[in-house]
Every structure is written in C-alpha cells, then in structure tokens.
Amino acid sequence: MAKNKHPKRELLMVGDNASFQFNEAYKSLRTNLEFLAATSDCKSILVTSSVPTEGKSNVAVNLACTMAAAGKKVILMDCDLRKGTLGHYLHLRRGAPGLTGKLSGAAEWNDICYSIPHIDNLTVIPTGPLPPNPSELLASRQMGALFEELKAHCDALIVDTPPVSLVTDAAVLSRYTDGVILVVRPEVTTIQGAQLSKKNLEAVDAHILGVVINGYDTKKSTKKDGYYYSYNYYGYYDEDGSSGKSKSKGKSK
C-alpha cells in the first residue's frame, strides 16, 4: 500500500510501548463494559465528546484494541464524516475507500475493511471520502441497515463520532448503538459543554454508559478528588490532541 504524502497524526496506543498504568486503565474500562454487556445488550458503543481535542478518537482506538487483545472480534468504525481521524492515526492510505463508499454503493466490504499489523481481531472501517451531506447520510436507511449487519459479524462495534455539542451526528447515530461513552478532558471540557452534551444525548433517549476523564494529571490531584485515579491514564496529548509513537500501517483485508 502506498505511503501517505501528508503528515501522520500519532497517538499513544495500548501495548508494550505504553506504561503499565495506561494499559491497566483501558483494561479497567473494558472490564466495566463487559459487566454491562453481561446484564444488558451492550454490543455497539458510540464514543463522542463535547468539543474537539478532548481525545475521543484516542479513547475509541485504545478501547477497540484492548477489547481485541482479550480475544473479541472488534470492528472500529469512523463515523466522523466531517473530520475523520482514524485513518490518519492508524496510517491508512489517504483517500482509502471506507464508510461513505459502502453507503453510496461504490465499494464492497472487502474494499473498506482494514486490518492493522500486530493487532489481531481488529477490523477498521475509515470514513472514506468526506461527503457534502454528512448528517443526511448518517441518518439514511442504508446506515441503519449497515449497523445491523456489522453487529451480526462482530463481538463489539466501537463507533467514533463528531463532538455531540457541535453537530447532531452523534445524537443521530446513538439510535443505532446500545450505549454512549462521553469523553471529557480537564482544562478543555467546560461544565456547560458537558451539560449540553448530556442534554443533547438525553433528548434522543441515548443510553449514556458513562464518562471517561481523559488526560487527568494526578500530580495536580488532591485527596478529595483522588477517586479519579483509575481513569487518569487514558491519554496525554500534545496541544493538537495527539501523542505516541505508533508506526503500524493499515492493510486492506
């Protein structure tokens, strides 16, 4: 597969190159979701945030990888049809066929599903070329049918979406998924922004599974708020929201 000609966005990924605490935090998140799945139908999970740079895509990628490491067959799909980043993060070829190609009938399954070297059990579906009408495309009958088809072929479906307080896309997609994770980030997420995101999700009866506090710094914590400890290693980013040294390149299955 040809190399990208644009700069690659990097992120810190779970695995041997990540810290013990970073890996354990995602294992804890996976375990909590497994308990939910044991008592209710929670197979498809939507990941969103209030605004950009809160690290929702990082959380989506690492949650998917952690689930795949446990032997689950996982599909990670980028539904941010305005500014999708998973293809950049996972080093897929720029302009690679993806979700929009499948929805428009221009691509088949084998064209849009990608494996990532050294990560077993994980299939990635990037956005594909960005459309002029993302909201309409995500709300289409074809999108609903696609979700049902995907859920029939995996143990877990993780969906990355745009920030829910800025556009309606995440709220629209929540009706296709079993639950929503809202990612917040200290010094980025405001109380008003988080409240608006919660309100927008509740307005469409989305099942909010919980909140991930991303990039929390224990050095600034006190005994009073120390209960955040188990969540504080989900990610530490540069100003643009990226970090890490992942070098794998995606390959089409």
# chains A, B, ... in the order shown; residues from 1 in each chain; ligands from 1
$ residues_around --residues "range 185-194 of chain A" --least-positions-apart "2" --cutoff "7 Å" --atoms "only C-alpha atoms" --output "ChimeraX atom specification"
/A:50,54,165,183,196-198,213-216
$ write_last_selection --atoms "C-alpha atoms" --output "compact mmCIF listing (two decimals), in the first residue's frame"
# COMPACT_ATOMS: atom_id res chain seq x y z
CA SER A 50 -18.28 17.93 23.70
CA GLU A 54 -10.76 16.01 24.17
CA SER A 165 -22.43 19.60 21.32
CA VAL A 183 -15.12 11.75 26.76
CA LEU A 196 -25.05 20.49 26.87
CA SER A 197 -23.64 17.21 25.55
CA LYS A 198 -25.60 15.25 28.14
CA ILE A 213 -11.96 11.56 32.08
CA ASN A 214 -9.12 11.79 29.58
CA GLY A 215 -5.67 13.25 30.31
CA TYR A 216 -6.23 13.70 34.03
$ select_by_dssp --residues "range 48-173 of chain A" --states "strand (DSSP E)" --output "PyMOL selection string"
chain A and resi 48-49+74-78+114-116+119-125+156-160
$ write_last_selection --atoms "C-alpha atoms" --output "PDB file, in the first residue's frame"
ATOM      1  CA  THR A  48     -18.158  11.152  21.480  1.00  0.00           C
ATOM      2  CA  SER A  49     -17.128  14.339  23.273  1.00  0.00           C
ATOM      3  CA  VAL A  74     -13.938  -5.972  17.162  1.00  0.00           C
ATOM      4  CA  ILE A  75     -14.944  -3.536  14.431  1.00  0.00           C
ATOM      5  CA  LEU A  76     -13.794   0.085  14.838  1.00  0.00           C
ATOM      6  CA  MET A  77     -15.692   2.448  12.545  1.00  0.00           C
ATOM      7  CA  ASP A  78     -15.046   6.141  11.915  1.00  0.00           C
ATOM      8  CA  TYR A 114      -8.702  -2.908   7.056  1.00  0.00           C
ATOM      9  CA  SER A 115      -6.516  -4.873   9.427  1.00  0.00           C
ATOM     10  CA  ILE A 116      -3.741  -3.307  11.488  1.00  0.00           C
ATOM     11  CA  ILE A 119      -3.306  -6.235  16.279  1.00  0.00           C
ATOM     12  CA  ASP A 120      -5.345  -9.406  15.926  1.00  0.00           C
ATOM     13  CA  ASN A 121      -9.155  -9.492  15.919  1.00  0.00           C
ATOM     14  CA  LEU A 122      -9.497  -5.819  14.930  1.00  0.00           C
ATOM     15  CA  THR A 123     -11.131  -4.539  11.743  1.00  0.00           C
ATOM     16  CA  VAL A 124     -11.071  -0.810  10.971  1.00  0.00           C
ATOM     17  CA  ILE A 125     -13.537   0.994   8.712  1.00  0.00           C
ATOM     18  CA  ALA A 156     -18.070  -5.443  19.723  1.00  0.00           C
ATOM     19  CA  LEU A 157     -18.639  -2.436  17.481  1.00  0.00           C
ATOM     20  CA  ILE A 158     -16.877   0.793  18.505  1.00  0.00           C
ATOM     21  CA  VAL A 159     -18.019   3.955  16.698  1.00  0.00           C
ATOM     22  CA  ASP A 160     -16.088   7.237  16.666  1.00  0.00           C
TER      23      ASP A 160
END
$ select_by_dssp --residues "range 39-159 of chain A" --states "alpha helix (DSSP H)" --output "JSON, numbers by chain"
{"A": [39, 56, 57, 58, 59, 60, 61, 62, 63, 64, 65, 66, 67, 68, 69, 86, 87, 88, 89, 99, 100, 101, 102, 103, 104, 109, 110, 111, 112, 134, 135, 136, 137, 138, 141, 142, 143, 144, 145, 146, 147, 148, 149, 150, 151]}
$ residues_around --residues "Ala171 in chain A" --least-positions-apart "4" --cutoff "10 Å" --atoms "only C-alpha atoms" --output "PDB file with C-alpha atoms, in the first residue's frame"
ATOM      1  CA  LEU A  46     -20.600   5.161  20.412  1.00  0.00           C
ATOM      2  CA  THR A  48     -18.158  11.152  21.480  1.00  0.00           C
ATOM      3  CA  THR A 161     -18.269  10.312  16.027  1.00  0.00           C
ATOM      4  CA  PRO A 162     -18.037  14.130  15.912  1.00  0.00           C
ATOM      5  CA  PRO A 163     -18.473  16.168  19.126  1.00  0.00           C
ATOM      6  CA  VAL A 164     -22.112  15.986  20.175  1.00  0.00           C
ATOM      7  CA  SER A 165     -22.430  19.601  21.319  1.00  0.00           C
ATOM      8  CA  VAL A 167     -23.312  18.893  15.382  1.00  0.00           C
ATOM      9  CA  ARG A 175     -30.192   5.414  17.977  1.00  0.00           C
ATOM     10  CA  TYR A 176     -28.253   2.661  16.196  1.00  0.00           C
ATOM     11  CA  VAL A 180     -22.663   6.059  24.525  1.00  0.00           C
ATOM     12  CA  SER A 197     -23.644  17.214  25.545  1.00  0.00           C
ATOM     13  CA  ASN A 200     -28.356  16.570  23.558  1.00  0.00           C
ATOM     14  CA  LEU A 201     -27.929  12.845  24.119  1.00  0.00           C
ATOM     15  CA  GLU A 202     -30.839  12.589  26.541  1.00  0.00           C
ATOM     16  CA  ALA A 203     -33.044  14.435  24.049  1.00  0.00           C
ATOM     17  CA  VAL A 204     -32.791  11.448  21.689  1.00  0.00           C
ATOM     18  CA  ASP A 205     -33.033   8.866  24.509  1.00  0.00           C
ATOM     19  CA  ALA A 206     -29.408   7.790  24.115  1.00  0.00           C
TER      20      ALA A 206
END
$ residues_around --residues "range 132-134 of chain A" --least-positions-apart "6" --cutoff "10 Å" --atoms "only C-alpha atoms" --output "PyMOL selection string"
chain A and resi 79-82+100+140+169
$ residues_around --residues "Val212 in chain A" --least-positions-apart "5" --cutoff "8 Å" --atoms "only C-alpha atoms" --output "VMD selection string"
chain A and resid 181 to 184 231
$ write_last_selection --atoms "N, CA, C and O atoms" --output "mmCIF file, in the first residue's frame"
data_model
loop_
_atom_site.group_PDB
_atom_site.id
_atom_site.type_symbol
_atom_site.label_atom_id
_atom_site.label_comp_id
_atom_site.auth_asym_id
_atom_site.auth_seq_id
_atom_site.Cartn_x
_atom_site.Cartn_y
_atom_site.Cartn_z
ATOM 1 N N ILE A 181 -20.406 6.529 25.267
ATOM 2 C CA ILE A 181 -19.380 6.985 26.191
ATOM 3 C C ILE A 181 -19.058 8.436 25.849
ATOM 4 O O ILE A 181 -18.761 8.759 24.702
ATOM 5 N N LEU A 182 -19.113 9.299 26.842
ATOM 6 C CA LEU A 182 -18.787 10.712 26.661
ATOM 7 C C LEU A 182 -17.388 10.966 27.212
ATOM 8 O O LEU A 182 -17.112 10.689 28.378
ATOM 9 N N VAL A 183 -16.509 11.459 26.361
ATOM 10 C CA VAL A 183 -15.119 11.747 26.758
ATOM 11 C C VAL A 183 -14.999 13.212 27.141
ATOM 12 O O VAL A 183 -15.429 14.091 26.391
ATOM 13 N N VAL A 184 -14.426 13.461 28.318
ATOM 14 C CA VAL A 184 -14.157 14.833 28.759
ATOM 15 C C VAL A 184 -12.679 14.948 29.083
ATOM 16 O O VAL A 184 -12.007 13.954 29.351
ATOM 17 N N TYR A 231 -8.853 6.408 36.224
ATOM 18 C CA TYR A 231 -9.180 6.900 34.891
ATOM 19 C C TYR A 231 -8.125 7.825 34.314
ATOM 20 O O TYR A 231 -8.255 8.290 33.209
#
$ residues_around --residues "Gln142 in chain A" --least-positions-apart "4" --cutoff "9 Å" --atoms "only C-alpha atoms" --output "NGL selection string"
:A and (103-104 or 137-138 or 146-147)
$ closest_residue --among "A:Trp109, A:Asp155, A:Met67, A:Thr127" --to "Asn23 in chain A" --atoms "only C-alpha atoms"
A:Met67
